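Each remark here refers to the structure printed beneath this line.
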Amino acid sequence: MAPLPAPSPPRSPAARTDHDYSLARAVGKVLIRRAAQAVSVTFAVTVTCFVIVQHLPGDIAFRIAAGRYGYDKVDASAAAEVRAELNLDTPAWQQLGGWIADALRLDFGASLVTGASVTDELAHHLSATVHLAAVALLLSVTLGTVIGLLAARSRGGVLDRLTDAWVALVRALPPFVLGLVLIIVFSVQLGWVPAAGHGERGNIVLPALTLAVGLSGLFARVTRDTVAQILESEHVHFARTKGLAGHIVLARHVLRNAGVTLVAYIGVQVLILVEGVVVVESLFAWPGLGHALVHAVFWRDIPSMQATVLALALIVVVVSTLVDLAVLALDPRTREMQ
Amino acid sequence: MSTTPPNVDHTNAESPVTTAHSQPTPLWGTTGQAPRRIPWARLASTGLLTALALFALIGPLIWRQYTSQDLSQFLQPPSLAEPFGHDHLGRSVIARLAHATRLSLGLAIVCVATAATTGVALGLLAAWRRGWVDQMLLGISEIFLALPALLIVLIFAALASGEMWTIYIGIALALWVEYFRVVRARSVSVLTSPAIEAANLLRLGPAHMLRRHLWPELAPVLLTMASLGMATAVLAMSTLSYVGVGLKPPTAELGLLITESLPYYHEAPWMVTAPIVVLLLLLAGLLGLRAQEVRR
């Protein structure tokens, strides 16, 4: 009997010589890039808002005093007090310095309209927005992935074409029109759910659905194309040839590979999600950041605007960072350093 | 805005929007491609856009009075002379629609032209000079990548609400970044190719490189981005006026038309439907024009 061949040694690191996989370095690179982005966005938004405040029509001290004491109780002395308190007499560049320092301490001053502290209101708006966005994202990922998978399984079939038509329709449908249609159908005609508001049961259904339908079309398209590509690849053919059952091929080979693309795509989606949040919240009177932002723009309440824009931009940066890190964790190829 | 961008992955500068040349040319013989399929989506979109452009150009000449009120014609149903009837102030709906379409298309073209010119020029500059110019422009573009287009437009709307120039600047400022990123990434790969090295050895000037090497590579991508960018502009403008911080009421604008007519959707459904349908067709036409390229 021939001796068993010696067990082959573990694959030598030499196989990897021309690559340099380093998770730590890749993570560090992502974090540095995103941190720089967050800082520069904060700086740019703060400076822009400061410039706008400087160019608002009327005396800014009067506006702030009116916000505090009410428009009928404002006089020159109240305005002078505010001016002295907030150093509005100092040169513009000194004010800007103070403004940036305040923003770094998350102190955005008082709202020009209500006089309340912007930072306190921000926490409230942020939780409402995160709630809505999370529900919408979850819904759209589930819906989009399932539809995309079904379409990819029957490429060229009826379902595939239906998905194609549906995706095209959803893409051309502006979120506010979609929201209106949903209100008219489900709230006015059928009376199933309340049309707008916050705090009652069922309030989240329509805004989340509006956001999710728009996003899920894109997810379905990307899933379908990615899965169709993977299904035709050689490793899937091999897995089938060696006799693996269909669902095992799907779970082990198709979904894992498609996951990398889908997770990376969430990073693109977050921009659309944030824009959608602004529109949908205004439409459904959902008391989140987008609703607050539109109000602030309408009333020219620049401190509130600054805080809400910053919060929305930082949401984009944070989600992008998480997506970058998730892609690094899922796909070793991206850790490669040139 | 939420008409989704091409597969421009903003997180990654090297990502191409399209890869038009998917079929490698064989060394001999034909590529073995099936006979060219008729691009139905593009034909339909072109037809749709032509019809809308004609409506936008000729419509305002036929139905001139879009602000004149006549309360005796309150919510008059459609007739032959007035295909969409009159609105709650007795104004001709089709006249307002024609002016709104002209405004949307016109503004979209101007915004995209401004953004594309700026973005392409800066992208070429960054790719050509590299070094600190490149780094600085990349840094600036990173700021814009974290701000969704609608936020930029909203910030400008706060500057002077209801004025056309704020919307124009806002949209153009939101759009230039993607042109810059894509043009820069593509130009860098072209400018470091052996073909450019050879052209340098032959002492062919920058004009030659632009015309023979860069332009053929960039043109199809730019066309795709322009049609998607126009959809973004149309959508941003109507969304702004829909949420109440865009153009001000007497103006005829698609978003405003929808807002104004909404309270009467039960009595006069044609009044609400008309601007929504025009907006949908406009977006569908712009998105469908280069759908094949975006798809790949």
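Letters A, B, ... mark the chains of the structure tokens in the order given; residue numbers begin at 1 per chain; ligand numbers begin at 1, in order shown.
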Worksheet item: For chain A against chain B, which residues fall within 7 Å using only C-alpha atoms, given as a PyMOL selection string?
Response: chain A and resi 37+40-41+52+171-174+268+271-272+275-276+282+297-298+300+309+313+316-317
Mind dumping the selected residues with all heavy atoms as a compact mmCIF listing (two decimals), in the first residue's frame?
# COMPACT_ATOMS: atom_id res chain seq x y z
N GLN A 37 -13.42 64.73 6.29
CA GLN A 37 -14.64 65.17 5.62
C GLN A 37 -15.60 65.81 6.62
O GLN A 37 -16.15 66.88 6.36
CB GLN A 37 -15.29 63.95 4.95
CG GLN A 37 -16.38 64.33 3.99
CD GLN A 37 -17.03 63.11 3.37
OE1 GLN A 37 -17.04 62.03 3.94
NE2 GLN A 37 -17.58 63.29 2.18
N SER A 40 -14.37 69.28 7.62
CA SER A 40 -14.46 70.31 6.58
C SER A 40 -15.92 70.66 6.29
O SER A 40 -16.24 71.82 6.01
CB SER A 40 -13.72 69.88 5.32
OG SER A 40 -14.12 68.61 4.92
N VAL A 41 -16.82 69.68 6.38
CA VAL A 41 -18.24 69.99 6.18
C VAL A 41 -18.72 70.93 7.28
O VAL A 41 -19.38 71.94 7.01
CB VAL A 41 -19.09 68.71 6.19
CG1 VAL A 41 -20.55 69.05 6.32
CG2 VAL A 41 -18.86 67.93 4.93
N ILE A 52 -24.57 84.23 5.82
CA ILE A 52 -25.99 84.53 5.56
C ILE A 52 -26.56 85.40 6.67
O ILE A 52 -27.26 86.38 6.42
CB ILE A 52 -26.79 83.22 5.42
CG1 ILE A 52 -26.33 82.45 4.19
CG2 ILE A 52 -28.27 83.53 5.28
CD1 ILE A 52 -27.04 81.14 4.00
N ARG A 171 -38.55 55.22 -10.31
CA ARG A 171 -37.47 56.20 -10.44
C ARG A 171 -37.99 57.53 -10.94
O ARG A 171 -37.48 58.59 -10.58
CB ARG A 171 -36.42 55.68 -11.42
CG ARG A 171 -35.46 54.74 -10.79
CD ARG A 171 -34.32 54.49 -11.70
NE ARG A 171 -33.51 55.67 -11.91
CZ ARG A 171 -32.53 55.74 -12.78
NH1 ARG A 171 -32.25 54.70 -13.52
NH2 ARG A 171 -31.83 56.82 -12.91
N ALA A 172 -39.01 57.51 -11.80
CA ALA A 172 -39.52 58.76 -12.37
C ALA A 172 -40.55 59.40 -11.46
O ALA A 172 -41.06 60.47 -11.77
CB ALA A 172 -40.10 58.51 -13.74
N LEU A 173 -40.86 58.74 -10.33
CA LEU A 173 -41.91 59.26 -9.46
C LEU A 173 -41.28 60.11 -8.35
O LEU A 173 -40.59 59.58 -7.50
CB LEU A 173 -42.64 58.06 -8.84
CG LEU A 173 -44.07 58.24 -8.41
CD1 LEU A 173 -44.94 58.66 -9.57
CD2 LEU A 173 -44.58 56.94 -7.82
N PRO A 174 -41.50 61.42 -8.35
CA PRO A 174 -40.92 62.24 -7.29
C PRO A 174 -41.52 61.84 -5.95
O PRO A 174 -42.71 61.51 -5.89
CB PRO A 174 -41.35 63.66 -7.64
CG PRO A 174 -41.88 63.60 -9.01
CD PRO A 174 -42.29 62.21 -9.29
N VAL A 268 -24.41 54.88 -1.26
CA VAL A 268 -24.95 55.80 -2.27
C VAL A 268 -26.38 56.19 -1.90
O VAL A 268 -26.80 57.33 -2.05
CB VAL A 268 -24.93 55.13 -3.66
CG1 VAL A 268 -25.37 56.11 -4.71
CG2 VAL A 268 -23.55 54.60 -3.96
N LEU A 271 -27.53 59.31 0.60
CA LEU A 271 -27.75 60.67 0.09
C LEU A 271 -29.20 60.84 -0.34
O LEU A 271 -29.85 61.84 -0.03
CB LEU A 271 -26.84 60.93 -1.11
CG LEU A 271 -25.38 61.22 -0.81
CD1 LEU A 271 -24.57 61.17 -2.08
CD2 LEU A 271 -25.24 62.59 -0.17
N ILE A 272 -29.71 59.84 -1.04
CA ILE A 272 -31.09 59.91 -1.52
C ILE A 272 -32.04 59.83 -0.34
O ILE A 272 -33.06 60.52 -0.30
CB ILE A 272 -31.34 58.75 -2.50
CG1 ILE A 272 -30.32 58.79 -3.60
CG2 ILE A 272 -32.74 58.79 -3.05
CD1 ILE A 272 -30.21 57.50 -4.35
N GLU A 275 -32.28 63.24 1.36
CA GLU A 275 -33.13 64.15 0.59
C GLU A 275 -34.59 63.76 0.72
O GLU A 275 -35.46 64.61 0.90
CB GLU A 275 -32.74 64.09 -0.88
CG GLU A 275 -31.46 64.82 -1.16
CD GLU A 275 -31.11 64.77 -2.61
OE1 GLU A 275 -31.69 63.93 -3.34
OE2 GLU A 275 -30.29 65.57 -3.04
N GLY A 276 -34.83 62.46 0.66
CA GLY A 276 -36.20 61.98 0.79
C GLY A 276 -36.78 62.35 2.15
O GLY A 276 -37.93 62.75 2.26
N SER A 282 -41.70 66.92 5.54
CA SER A 282 -42.52 68.13 5.35
C SER A 282 -43.92 67.74 4.93
O SER A 282 -44.90 68.33 5.36
CB SER A 282 -41.91 69.03 4.28
OG SER A 282 -40.55 69.18 4.48
N VAL A 297 -35.64 77.35 6.98
CA VAL A 297 -35.37 78.07 5.74
C VAL A 297 -36.50 79.05 5.45
O VAL A 297 -36.26 80.21 5.09
CB VAL A 297 -35.19 77.07 4.57
CG1 VAL A 297 -35.17 77.81 3.25
CG2 VAL A 297 -33.92 76.27 4.74
N PHE A 298 -37.71 78.61 5.70
CA PHE A 298 -38.86 79.48 5.42
C PHE A 298 -38.83 80.73 6.29
O PHE A 298 -39.07 81.83 5.81
CB PHE A 298 -40.15 78.69 5.66
CG PHE A 298 -41.38 79.43 5.23
CD1 PHE A 298 -41.76 79.44 3.90
CD2 PHE A 298 -42.15 80.13 6.15
CE1 PHE A 298 -42.88 80.13 3.49
CE2 PHE A 298 -43.27 80.82 5.74
CZ PHE A 298 -43.64 80.82 4.41
N ARG A 300 -36.19 81.92 7.78
CA ARG A 300 -34.79 82.41 7.83
C ARG A 300 -34.22 82.33 9.24
O ARG A 300 -33.58 83.24 9.72
CB ARG A 300 -34.73 83.87 7.37
CG ARG A 300 -35.38 84.05 6.03
CD ARG A 300 -34.39 84.61 5.08
NE ARG A 300 -35.08 84.93 3.85
CZ ARG A 300 -35.07 86.12 3.31
NH1 ARG A 300 -34.37 87.08 3.84
NH2 ARG A 300 -35.71 86.34 2.20
N VAL A 309 -28.79 71.29 9.07
CA VAL A 309 -27.97 70.91 7.92
C VAL A 309 -26.77 70.11 8.39
O VAL A 309 -26.42 69.07 7.81
CB VAL A 309 -27.52 72.16 7.12
CG1 VAL A 309 -26.44 71.80 6.14
CG2 VAL A 309 -28.69 72.78 6.40
N ALA A 313 -25.85 66.33 7.34
CA ALA A 313 -24.59 66.04 6.66
C ALA A 313 -23.76 65.04 7.46
O ALA A 313 -23.13 64.15 6.89
CB ALA A 313 -23.79 67.33 6.45
N VAL A 316 -24.88 61.58 6.94
CA VAL A 316 -24.31 61.04 5.70
C VAL A 316 -22.90 60.54 5.95
O VAL A 316 -22.53 59.41 5.56
CB VAL A 316 -24.32 62.10 4.57
CG1 VAL A 316 -23.58 61.58 3.36
CG2 VAL A 316 -25.74 62.48 4.22
N VAL A 317 -22.09 61.35 6.65
CA VAL A 317 -20.69 60.95 6.87
C VAL A 317 -20.62 59.69 7.74
O VAL A 317 -19.87 58.77 7.43
CB VAL A 317 -19.90 62.10 7.53
CG1 VAL A 317 -18.49 61.66 7.84
CG2 VAL A 317 -19.88 63.31 6.62
Worksheet entry | For CA of Leu57 (chain B) and CA of Leu97 (chain B), the interatomic separation in Å (one decimal) |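 Separation of CA of Leu57 (chain B) and CA of Leu97 (chain B): 11.8 Å.
In terms of minimum interatomic distance to Val167 (chain A), A:Ser216 ranks closest within A:Thr321, A:Thr119, A:Ser216, A:Ser304, counting only C-alpha atoms.
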Shell around Ser189 (chain B) at 10 Å using only C-alpha atoms, local window under 3 positions removed, as a PDB file with all heavy atoms, in the first residue's frame:
ATOM      1  N   GLU B  14     -12.604  56.369  -8.494  1.00  0.00           N
ATOM      2  CA  GLU B  14     -12.269  55.702  -9.738  1.00  0.00           C
ATOM      3  C   GLU B  14     -13.477  55.047 -10.392  1.00  0.00           C
ATOM      4  O   GLU B  14     -13.370  54.446 -11.440  1.00  0.00           O
ATOM      5  CB  GLU B  14     -11.225  54.604  -9.484  1.00  0.00           C
ATOM      6  CG  GLU B  14      -9.948  55.113  -8.821  1.00  0.00           C
ATOM      7  CD  GLU B  14      -9.238  56.132  -9.679  1.00  0.00           C
ATOM      8  OE1 GLU B  14      -9.261  55.966 -10.903  1.00  0.00           O
ATOM      9  OE2 GLU B  14      -8.687  57.093  -9.127  1.00  0.00           O
ATOM     10  N   ALA B 127      -6.646  66.935 -13.215  1.00  0.00           N
ATOM     11  CA  ALA B 127      -5.974  65.776 -13.800  1.00  0.00           C
ATOM     12  C   ALA B 127      -4.678  66.202 -14.481  1.00  0.00           C
ATOM     13  O   ALA B 127      -3.704  65.458 -14.526  1.00  0.00           O
ATOM     14  CB  ALA B 127      -6.894  65.082 -14.788  1.00  0.00           C
ATOM     15  N   ARG B 184     -12.257  63.989 -13.652  1.00  0.00           N
ATOM     16  CA  ARG B 184     -10.911  63.901 -13.109  1.00  0.00           C
ATOM     17  C   ARG B 184     -10.421  62.448 -13.140  1.00  0.00           C
ATOM     18  O   ARG B 184      -9.333  62.160 -13.629  1.00  0.00           O
ATOM     19  CB  ARG B 184     -10.893  64.412 -11.667  1.00  0.00           C
ATOM     20  CG  ARG B 184      -9.531  64.344 -11.057  1.00  0.00           C
ATOM     21  CD  ARG B 184      -9.559  64.554  -9.562  1.00  0.00           C
ATOM     22  NE  ARG B 184      -8.325  64.065  -8.991  1.00  0.00           N
ATOM     23  CZ  ARG B 184      -8.091  62.798  -8.701  1.00  0.00           C
ATOM     24  NH1 ARG B 184      -9.017  61.896  -8.915  1.00  0.00           N
ATOM     25  NH2 ARG B 184      -6.939  62.421  -8.200  1.00  0.00           N
ATOM     26  N   ALA B 185     -11.272  61.527 -12.639  1.00  0.00           N
ATOM     27  CA  ALA B 185     -10.853  60.125 -12.573  1.00  0.00           C
ATOM     28  C   ALA B 185     -10.538  59.574 -13.968  1.00  0.00           C
ATOM     29  O   ALA B 185      -9.509  58.940 -14.185  1.00  0.00           O
ATOM     30  CB  ALA B 185     -11.937  59.285 -11.910  1.00  0.00           C
ATOM     31  N   ARG B 186     -11.430  59.874 -14.931  1.00  0.00           N
ATOM     32  CA  ARG B 186     -11.213  59.347 -16.288  1.00  0.00           C
ATOM     33  C   ARG B 186      -9.994  59.987 -16.940  1.00  0.00           C
ATOM     34  O   ARG B 186      -9.229  59.320 -17.627  1.00  0.00           O
ATOM     35  CB  ARG B 186     -12.447  59.612 -17.134  1.00  0.00           C
ATOM     36  CG  ARG B 186     -13.636  58.843 -16.647  1.00  0.00           C
ATOM     37  CD  ARG B 186     -14.311  58.194 -17.788  1.00  0.00           C
ATOM     38  NE  ARG B 186     -15.025  57.027 -17.305  1.00  0.00           N
ATOM     39  CZ  ARG B 186     -15.714  56.229 -18.086  1.00  0.00           C
ATOM     40  NH1 ARG B 186     -15.769  56.468 -19.374  1.00  0.00           N
ATOM     41  NH2 ARG B 186     -16.329  55.186 -17.595  1.00  0.00           N
ATOM     42  N   THR B 192      -2.313  59.139 -18.162  1.00  0.00           N
ATOM     43  CA  THR B 192      -1.158  58.335 -17.788  1.00  0.00           C
ATOM     44  C   THR B 192      -1.000  57.131 -18.720  1.00  0.00           C
ATOM     45  O   THR B 192      -0.202  56.249 -18.451  1.00  0.00           O
ATOM     46  CB  THR B 192      -1.296  57.832 -16.343  1.00  0.00           C
ATOM     47  OG1 THR B 192      -2.602  57.268 -16.192  1.00  0.00           O
ATOM     48  CG2 THR B 192      -1.118  58.955 -15.350  1.00  0.00           C
ATOM     49  N   SER B 193      -1.785  57.105 -19.818  1.00  0.00           N
ATOM     50  CA  SER B 193      -1.722  55.940 -20.705  1.00  0.00           C
ATOM     51  C   SER B 193      -0.559  56.071 -21.699  1.00  0.00           C
ATOM     52  O   SER B 193      -0.068  57.166 -21.953  1.00  0.00           O
ATOM     53  CB  SER B 193      -3.037  55.818 -21.466  1.00  0.00           C
ATOM     54  OG  SER B 193      -3.164  56.914 -22.327  1.00  0.00           O
ATOM     55  N   LEU B 214      -8.941  62.687 -24.935  1.00  0.00           N
ATOM     56  CA  LEU B 214      -9.826  62.893 -23.785  1.00  0.00           C
ATOM     57  C   LEU B 214     -11.287  62.944 -24.198  1.00  0.00           C
ATOM     58  O   LEU B 214     -12.141  62.289 -23.615  1.00  0.00           O
ATOM     59  CB  LEU B 214      -9.439  64.189 -23.061  1.00  0.00           C
ATOM     60  CG  LEU B 214      -8.166  64.092 -22.249  1.00  0.00           C
ATOM     61  CD1 LEU B 214      -7.705  65.468 -21.817  1.00  0.00           C
ATOM     62  CD2 LEU B 214      -8.384  63.214 -21.031  1.00  0.00           C
TER      63      LEU B 214
END
Skipping near chain neighbours, those fewer than 2 positions away, what residues fall within 12 Å of Gln229 (chain A) using only C-alpha atoms, listed as a compact mmCIF listing (two decimals) with all heavy atoms, in the first residue's frame?
# COMPACT_ATOMS: atom_id res chain seq x y z
N LEU A 149 -34.00 39.37 -6.19
CA LEU A 149 -33.64 37.95 -6.27
C LEU A 149 -34.63 37.19 -7.15
O LEU A 149 -34.22 36.40 -8.01
CB LEU A 149 -33.66 37.33 -4.87
CG LEU A 149 -32.38 37.43 -4.06
CD1 LEU A 149 -32.58 36.84 -2.68
CD2 LEU A 149 -31.27 36.69 -4.78
N ALA A 152 -34.00 38.05 -10.70
CA ALA A 152 -32.77 37.45 -11.23
C ALA A 152 -32.96 35.97 -11.51
O ALA A 152 -32.31 35.41 -12.38
CB ALA A 152 -31.63 37.66 -10.23
N ARG A 153 -33.84 35.32 -10.72
CA ARG A 153 -34.06 33.90 -10.95
C ARG A 153 -34.78 33.64 -12.27
O ARG A 153 -34.56 32.61 -12.90
CB ARG A 153 -34.88 33.31 -9.80
CG ARG A 153 -34.00 32.59 -8.80
CD ARG A 153 -34.83 31.98 -7.72
NE ARG A 153 -35.71 30.93 -8.20
CZ ARG A 153 -36.45 30.19 -7.38
NH1 ARG A 153 -36.42 30.41 -6.10
NH2 ARG A 153 -37.22 29.25 -7.85
N ARG A 155 -34.68 35.43 -15.22
CA ARG A 155 -34.19 36.46 -16.14
C ARG A 155 -34.90 36.39 -17.48
O ARG A 155 -35.02 35.32 -18.07
CB ARG A 155 -32.69 36.30 -16.36
CG ARG A 155 -31.87 37.20 -15.49
CD ARG A 155 -30.49 36.65 -15.36
NE ARG A 155 -30.54 35.35 -14.68
CZ ARG A 155 -29.59 34.44 -14.79
NH1 ARG A 155 -28.55 34.66 -15.55
NH2 ARG A 155 -29.69 33.29 -14.15
N VAL A 222 -30.31 46.93 -8.46
CA VAL A 222 -28.92 46.54 -8.18
C VAL A 222 -28.83 45.07 -7.81
O VAL A 222 -27.94 44.35 -8.29
CB VAL A 222 -28.33 47.42 -7.07
CG1 VAL A 222 -26.96 46.93 -6.67
CG2 VAL A 222 -28.26 48.85 -7.52
N THR A 223 -29.76 44.59 -6.99
CA THR A 223 -29.74 43.18 -6.61
C THR A 223 -29.88 42.30 -7.83
O THR A 223 -29.13 41.34 -8.01
CB THR A 223 -30.90 42.85 -5.65
OG1 THR A 223 -30.93 43.83 -4.63
CG2 THR A 223 -30.74 41.49 -5.05
N ARG A 224 -30.85 42.64 -8.68
CA ARG A 224 -31.09 41.82 -9.85
C ARG A 224 -29.84 41.73 -10.72
O ARG A 224 -29.41 40.65 -11.10
CB ARG A 224 -32.23 42.42 -10.69
CG ARG A 224 -32.62 41.55 -11.86
CD ARG A 224 -32.82 42.41 -13.10
NE ARG A 224 -32.92 41.57 -14.28
CZ ARG A 224 -31.90 41.30 -15.06
NH1 ARG A 224 -30.69 41.77 -14.80
NH2 ARG A 224 -32.05 40.53 -16.12
N ASP A 225 -29.22 42.89 -11.00
CA ASP A 225 -28.06 42.89 -11.88
C ASP A 225 -26.87 42.16 -11.26
O ASP A 225 -26.19 41.37 -11.92
CB ASP A 225 -27.66 44.32 -12.24
CG ASP A 225 -28.68 44.96 -13.17
OD1 ASP A 225 -29.64 44.26 -13.55
OD2 ASP A 225 -28.52 46.14 -13.51
N THR A 226 -26.64 42.40 -9.96
CA THR A 226 -25.51 41.75 -9.30
C THR A 226 -25.71 40.24 -9.25
O THR A 226 -24.81 39.47 -9.59
CB THR A 226 -25.36 42.27 -7.86
OG1 THR A 226 -25.49 43.67 -7.87
CG2 THR A 226 -24.04 41.88 -7.28
N VAL A 227 -26.90 39.82 -8.82
CA VAL A 227 -27.16 38.39 -8.69
C VAL A 227 -27.11 37.71 -10.06
O VAL A 227 -26.53 36.64 -10.20
CB VAL A 227 -28.51 38.14 -8.00
CG1 VAL A 227 -28.90 36.68 -8.07
CG2 VAL A 227 -28.43 38.58 -6.56
N LEU A 231 -24.70 34.64 -10.86
CA LEU A 231 -25.25 33.35 -11.27
C LEU A 231 -24.55 32.82 -12.51
O LEU A 231 -24.48 31.62 -12.72
CB LEU A 231 -26.75 33.48 -11.55
CG LEU A 231 -27.66 33.50 -10.32
CD1 LEU A 231 -29.10 33.68 -10.74
CD2 LEU A 231 -27.49 32.23 -9.51
N GLU A 232 -24.02 33.74 -13.34
CA GLU A 232 -23.36 33.28 -14.55
C GLU A 232 -21.88 33.04 -14.35
O GLU A 232 -21.18 32.66 -15.28
CB GLU A 232 -23.56 34.33 -15.67
CG GLU A 232 -24.88 34.10 -16.38
CD GLU A 232 -25.38 35.35 -17.07
OE1 GLU A 232 -24.54 36.22 -17.40
OE2 GLU A 232 -26.60 35.46 -17.26
N SER A 233 -21.38 33.29 -13.13
CA SER A 233 -19.93 33.17 -12.93
C SER A 233 -19.53 31.71 -12.82
O SER A 233 -20.35 30.83 -12.59
CB SER A 233 -19.53 33.91 -11.67
OG SER A 233 -20.04 33.21 -10.56
N GLU A 234 -18.22 31.48 -12.96
CA GLU A 234 -17.74 30.11 -13.01
C GLU A 234 -17.85 29.40 -11.68
O GLU A 234 -18.11 28.21 -11.62
CB GLU A 234 -16.30 30.09 -13.51
CG GLU A 234 -16.25 30.32 -15.01
CD GLU A 234 -14.86 30.39 -15.54
OE1 GLU A 234 -13.91 30.35 -14.74
OE2 GLU A 234 -14.71 30.51 -16.77
N HIS A 235 -17.66 30.16 -10.57
CA HIS A 235 -17.69 29.43 -9.30
C HIS A 235 -19.10 28.94 -8.98
O HIS A 235 -19.27 27.91 -8.34
CB HIS A 235 -17.08 30.26 -8.16
CG HIS A 235 -17.85 31.47 -7.77
ND1 HIS A 235 -17.60 32.70 -8.32
CD2 HIS A 235 -18.85 31.64 -6.90
CE1 HIS A 235 -18.42 33.58 -7.78
NE2 HIS A 235 -19.20 32.97 -6.93
N VAL A 236 -20.13 29.66 -9.45
CA VAL A 236 -21.49 29.17 -9.24
C VAL A 236 -21.75 27.94 -10.11
O VAL A 236 -22.32 26.95 -9.66
CB VAL A 236 -22.51 30.28 -9.51
CG1 VAL A 236 -23.92 29.70 -9.53
CG2 VAL A 236 -22.40 31.36 -8.46
N HIS A 237 -21.26 27.99 -11.35
CA HIS A 237 -21.39 26.81 -12.22
C HIS A 237 -20.72 25.60 -11.59
O HIS A 237 -21.26 24.49 -11.59
CB HIS A 237 -20.76 27.09 -13.59
CG HIS A 237 -21.66 27.86 -14.50
ND1 HIS A 237 -22.88 27.39 -14.88
CD2 HIS A 237 -21.51 29.07 -15.08
CE1 HIS A 237 -23.46 28.27 -15.67
NE2 HIS A 237 -22.65 29.31 -15.80
N VAL A 254 -24.01 32.86 -3.74
CA VAL A 254 -24.62 34.02 -4.40
C VAL A 254 -24.81 35.16 -3.42
O VAL A 254 -24.34 36.27 -3.63
CB VAL A 254 -25.95 33.62 -5.06
CG1 VAL A 254 -26.60 34.83 -5.67
CG2 VAL A 254 -25.70 32.55 -6.11
N LEU A 255 -25.49 34.88 -2.31
CA LEU A 255 -25.83 35.98 -1.39
C LEU A 255 -24.61 36.62 -0.78
O LEU A 255 -24.55 37.84 -0.63
CB LEU A 255 -26.78 35.47 -0.30
CG LEU A 255 -28.21 35.26 -0.76
CD1 LEU A 255 -29.09 34.87 0.42
CD2 LEU A 255 -28.75 36.52 -1.42
N ASN A 257 -21.64 36.96 -2.00
CA ASN A 257 -20.97 37.85 -2.96
C ASN A 257 -21.81 39.07 -3.28
O ASN A 257 -21.29 40.17 -3.44
CB ASN A 257 -20.66 37.07 -4.24
CG ASN A 257 -19.42 36.23 -4.08
OD1 ASN A 257 -18.35 36.76 -3.81
ND2 ASN A 257 -19.56 34.93 -4.20
N ALA A 258 -23.13 38.86 -3.37
CA ALA A 258 -23.99 39.99 -3.68
C ALA A 258 -24.01 40.97 -2.51
O ALA A 258 -24.15 42.18 -2.70
CB ALA A 258 -25.41 39.51 -3.97
N THR A 261 -21.71 44.08 -2.76
CA THR A 261 -22.20 45.16 -3.61
C THR A 261 -23.36 45.89 -2.94
O THR A 261 -23.43 47.13 -2.98
CB THR A 261 -22.69 44.58 -4.95
OG1 THR A 261 -21.70 43.70 -5.42
CG2 THR A 261 -22.94 45.68 -5.94
N ARG B 296 -25.63 49.47 -17.40
CA ARG B 296 -24.48 48.58 -17.41
C ARG B 296 -23.45 48.88 -16.35
O ARG B 296 -23.40 49.93 -15.82
CB ARG B 296 -23.81 48.65 -18.78
CG ARG B 296 -24.43 47.59 -19.64
CD ARG B 296 -23.62 47.31 -20.87
NE ARG B 296 -24.47 47.38 -22.04
CZ ARG B 296 -24.42 48.38 -22.90
NH1 ARG B 296 -23.57 49.35 -22.71
NH2 ARG B 296 -25.20 48.39 -23.93
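CA of Thr166 (chain B) is found 18.8 Å from CA of Thr46 (chain A).
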Item to complete: Just give me the gap between CA of Leu202 (chain B) and CA of Trp215 (chain B) in Å, one decimal is fine.
Response: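 Value for the CA of Leu202 (chain B)-CA of Trp215 (chain B) distance: 19.3 Å.
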Item to complete: Find the residues near Thr117 (chain B): any atom within 12 Å, counting only C-alpha atoms, skip ones fewer than 2 places away on the same chain, and give them as an MDAnalysis selection string.
Response: chainID B and resid 109:115 119:124 172:173 175:180 183 222 226
